[in-house]
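Chemist: Before we start, here is the structure in question, set down as structure tokens.
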Amino acid sequence: MRVKKKGKISMKKKSKIPKFRSYKEEANFWDTHNVTDFEGETKDVDIIVELDKPRDETVVLRLQKKVKNKLEKTARSKGLNVSTLARMWLMEKLQSSRFS
């Protein structure tokens, strides 16, 4: 792609990293490509890991197989594990509940 800038023509490099339609598609791409091949296209980010936040409580929840399968499928499509998605939905419901 050529970009004209103040009388000069410069070549703008097209990204080699494709646009992804889902986390699964992106995961498949990175499983078959090396991130070092795209160094000029990536940027540094800060990652914060809170190791000192233990989960104090556990809730056992029994579900019908169909419901569990649907929850697993939905979690996968969002790139989450089942317990994370369930916890997020419970927290959202509690926050919107008039009983909170």
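In the structure tokens, the first chain shown is A, the next is B, and so on; residue numbers restart at 1 for each chain, and ligands run from 1 in the order shown.
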From a DSSP pass on the backbone, collect the residues of range 7-65 of chain A flagged as alpha helix (DSSP H) and hand them back as an MDAnalysis selection string.
Modeler: chainID A and resid 23:32 65
Chemist: Please identify which residues in chain A DSSP calls strand (DSSP E) from the backbone, and express them as a list in words.
Modeler: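 Restricting chain A to strand (DSSP E) produces Arg2, Val3, Lys4, Lys5, Lys8, Ile9, Ser10 and Met11 of chain A.
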Chemist: For range 20-30 of chain A, find every residue with an atom within 10 Å (counting only C-alpha atoms), except residues of its own chain fewer than 3 positions away, and show them as a ChimeraX atom specification.
Modeler: /A:17,33-35,76-80
Chemist: Just checking: using only C-alpha atoms, which residue out of A:Lys43, A:Lys19, A:Arg98, A:Lys73 ends up closest to Leu85 in chain A?
Modeler: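 Of A:Lys43, A:Lys19, A:Arg98, A:Lys73, the one nearest Leu85 in chain A is A:Lys73, counting only C-alpha atoms.
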Chemist: Rounded to one decimal in Å, what is the spacing between CA of Ile47 in chain A and CA of Leu90 in chain A?
Modeler: 25.5 Å
Chemist: If we count only C-alpha atoms, what is near range 62-72 of chain A at a cut-off of 8 Å, once residues fewer than 6 positions away on the same chain are taken out, given as a list in words?
Modeler: Asn81, Val82 and Ala86 of chain A
Chemist: Could you write out that same residue set with N, CA and C atoms as a tab-separated table (two decimals), in the first residue's frame?
Modeler:
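out05.tsv, written as the output of this step:
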```tsv
chain	number	residue	atom	x	y	z
A	81	ASN	N	-12.80	-20.55	30.36
A	81	ASN	CA	-13.12	-21.88	30.87
A	81	ASN	C	-14.50	-21.81	31.53
A	82	VAL	N	-15.09	-22.95	31.76
A	82	VAL	CA	-16.47	-23.03	32.23
A	82	VAL	C	-16.67	-22.31	33.57
A	86	ALA	N	-19.20	-19.14	34.29
A	86	ALA	CA	-20.27	-19.29	35.28
A	86	ALA	C	-20.13	-18.25	36.39
```
